[in-house]
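Please read the structure below before turning to the comments.
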Amino acid sequence: AYDQIRMSVAYPGMNVKLVGSHAGISIGEDGASQMGIEDVALACSLPGMTVIVPADANSARKATRAMLEHQGPVYLRCGRIEVPEIYAADAPFQIGKAN
């Protein structure tokens, strides 16, 4: 799928939104063979691809809204396991800005 994303989404700058699930090294019962760790590096290497990695559920909600409003290709990277709430529901979120 990487080549299809590169050639059909990233290079032409299509307004496509991608969401990757089960990313990272803490994916629970699925085990080490299912850990997706290269996805963020591959997505960052694509021209014009905006990559978002939310820290918690509140960030993920805001990132999803921001992703839909953003013009151009976006990759939203999500984990699987439940994580502690880090940011309040009213915490600011802006693509390209770290908190």
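Naming works like this for the structure tokens: A, B, ... for the chains as they're shown, residue 1 at the start of each chain, ligands 1 onward in shown order.
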Practice item. Write out as a PyMOL selection string the residues lying within 12 Å of region 33-47 of chain A, counting only C-alpha atoms and excluding same-chain residues fewer than 2 positions away. Key: chain A and resi 1-14+18-31+49-53+72-80
Review point. Among chain A, which ones does DSSP place in strand (DSSP E or B), written as a list in words?
Key: Lys17, Leu18, Val19, Gly20, Ala23, Gly24, Gly36, Thr50, Val51, Ile52, Val74, Tyr75, Leu76 and Arg77 of chain A
Could those selected residues go to a file with all heavy atoms, as a compact mmCIF listing (two decimals), in the first residue's frame?
```txt
# COMPACT_ATOMS: atom_id res chain seq x y z
N LYS A 17 -7.23 11.43 3.54
CA LYS A 17 -6.95 11.27 4.95
C LYS A 17 -6.76 9.79 5.25
O LYS A 17 -7.62 8.96 4.92
CB LYS A 17 -8.09 11.82 5.81
CG LYS A 17 -8.56 13.21 5.41
CD LYS A 17 -7.45 14.22 5.27
CE LYS A 17 -8.00 15.57 4.84
NZ LYS A 17 -7.02 16.47 4.30
N LEU A 18 -5.64 9.44 5.87
CA LEU A 18 -5.32 8.06 6.21
C LEU A 18 -5.21 7.93 7.72
O LEU A 18 -4.68 8.82 8.38
CB LEU A 18 -3.99 7.66 5.57
CG LEU A 18 -3.89 7.83 4.06
CD1 LEU A 18 -2.45 7.78 3.61
CD2 LEU A 18 -4.71 6.76 3.38
N VAL A 19 -5.68 6.82 8.26
CA VAL A 19 -5.56 6.57 9.69
C VAL A 19 -4.93 5.20 9.86
O VAL A 19 -5.42 4.21 9.33
CB VAL A 19 -6.94 6.61 10.39
CG1 VAL A 19 -6.79 6.29 11.87
CG2 VAL A 19 -7.60 7.96 10.20
N GLY A 20 -3.81 5.17 10.60
CA GLY A 20 -3.13 3.92 10.89
C GLY A 20 -3.42 3.49 12.31
O GLY A 20 -3.25 4.27 13.25
N ALA A 23 -0.48 1.23 15.91
CA ALA A 23 0.88 1.72 15.70
C ALA A 23 1.64 1.77 17.03
O ALA A 23 1.05 1.87 18.09
CB ALA A 23 0.83 3.12 15.08
N GLY A 24 2.94 1.70 16.92
CA GLY A 24 3.78 1.81 18.11
C GLY A 24 4.16 0.48 18.71
O GLY A 24 3.94 -0.57 18.12
N GLY A 36 3.70 -1.90 14.71
CA GLY A 36 3.95 -1.03 13.57
C GLY A 36 4.83 0.13 14.00
O GLY A 36 4.35 1.06 14.65
N THR A 50 1.20 15.35 5.83
CA THR A 50 1.15 15.82 7.20
C THR A 50 0.94 14.60 8.09
O THR A 50 0.04 13.80 7.84
CB THR A 50 -0.01 16.82 7.39
OG1 THR A 50 0.26 17.96 6.56
CG2 THR A 50 -0.14 17.26 8.83
N VAL A 51 1.78 14.46 9.11
CA VAL A 51 1.72 13.31 10.01
C VAL A 51 1.33 13.80 11.40
O VAL A 51 1.96 14.70 11.95
CB VAL A 51 3.06 12.56 10.06
CG1 VAL A 51 2.99 11.37 11.01
CG2 VAL A 51 3.46 12.10 8.66
N ILE A 52 0.30 13.19 11.97
CA ILE A 52 -0.18 13.56 13.30
C ILE A 52 -0.16 12.33 14.19
O ILE A 52 -0.67 11.27 13.82
CB ILE A 52 -1.62 14.11 13.23
CG1 ILE A 52 -1.71 15.29 12.26
CG2 ILE A 52 -2.09 14.51 14.62
CD1 ILE A 52 -3.13 15.79 12.04
N VAL A 74 -3.00 13.64 4.76
CA VAL A 74 -2.72 13.55 6.19
C VAL A 74 -2.70 12.10 6.62
O VAL A 74 -3.53 11.31 6.19
CB VAL A 74 -3.78 14.30 7.03
CG1 VAL A 74 -3.50 14.18 8.52
CG2 VAL A 74 -3.88 15.76 6.63
N TYR A 75 -1.73 11.75 7.48
CA TYR A 75 -1.67 10.43 8.11
C TYR A 75 -1.84 10.63 9.61
O TYR A 75 -1.03 11.30 10.24
CB TYR A 75 -0.34 9.73 7.81
CG TYR A 75 -0.18 8.42 8.55
CD1 TYR A 75 -1.08 7.38 8.38
CD2 TYR A 75 0.89 8.22 9.41
CE1 TYR A 75 -0.94 6.19 9.06
CE2 TYR A 75 1.05 7.02 10.08
CZ TYR A 75 0.13 6.01 9.91
OH TYR A 75 0.27 4.82 10.58
N LEU A 76 -2.89 10.07 10.17
CA LEU A 76 -3.15 10.10 11.60
C LEU A 76 -2.78 8.74 12.18
O LEU A 76 -3.34 7.72 11.78
CB LEU A 76 -4.62 10.42 11.87
CG LEU A 76 -5.07 10.44 13.32
CD1 LEU A 76 -4.42 11.60 14.08
CD2 LEU A 76 -6.59 10.55 13.40
N ARG A 77 -1.84 8.75 13.10
CA ARG A 77 -1.30 7.50 13.65
C ARG A 77 -1.91 7.24 15.03
O ARG A 77 -1.79 8.06 15.93
CB ARG A 77 0.21 7.65 13.78
CG ARG A 77 0.93 6.42 14.24
CD ARG A 77 2.42 6.75 14.33
NE ARG A 77 3.22 5.55 14.34
CZ ARG A 77 3.98 5.18 15.37
NH1 ARG A 77 4.03 5.92 16.45
NH2 ARG A 77 4.69 4.08 15.29
```
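Nearest-residue note for Gln94 (chain A): choosing from A:Ala63, A:Glu82, A:Leu68, A:Ala55, the minimum distance belongs to A:Ala63, counting only C-alpha atoms.
Minimum distance to Ile86 (chain A) across A:Asn15, A:Gln71, A:Asn99, A:Thr64 (counting only C-alpha atoms) occurs at A:Asn99.
The coordinates place CA of Glu85 (chain A) at 7.2 Å from CA of Asn58 (chain A).
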Point to revise | Point-to-point distance in Å for CA of Ala66 (chain A) and CA of Ile95 (chain A) | key: 7.0 Å
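For the atom pair formed by CA of Pro84 (chain A) and CA of Ser59 (chain A), the distance is 11.6 Å, given to one decimal.
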Check your understanding: DSSP says alpha helix (DSSP H) for which residues of chain A? Put them as an NGL selection string?
Key -> :A and (2-5 or 39-44 or 57-69)
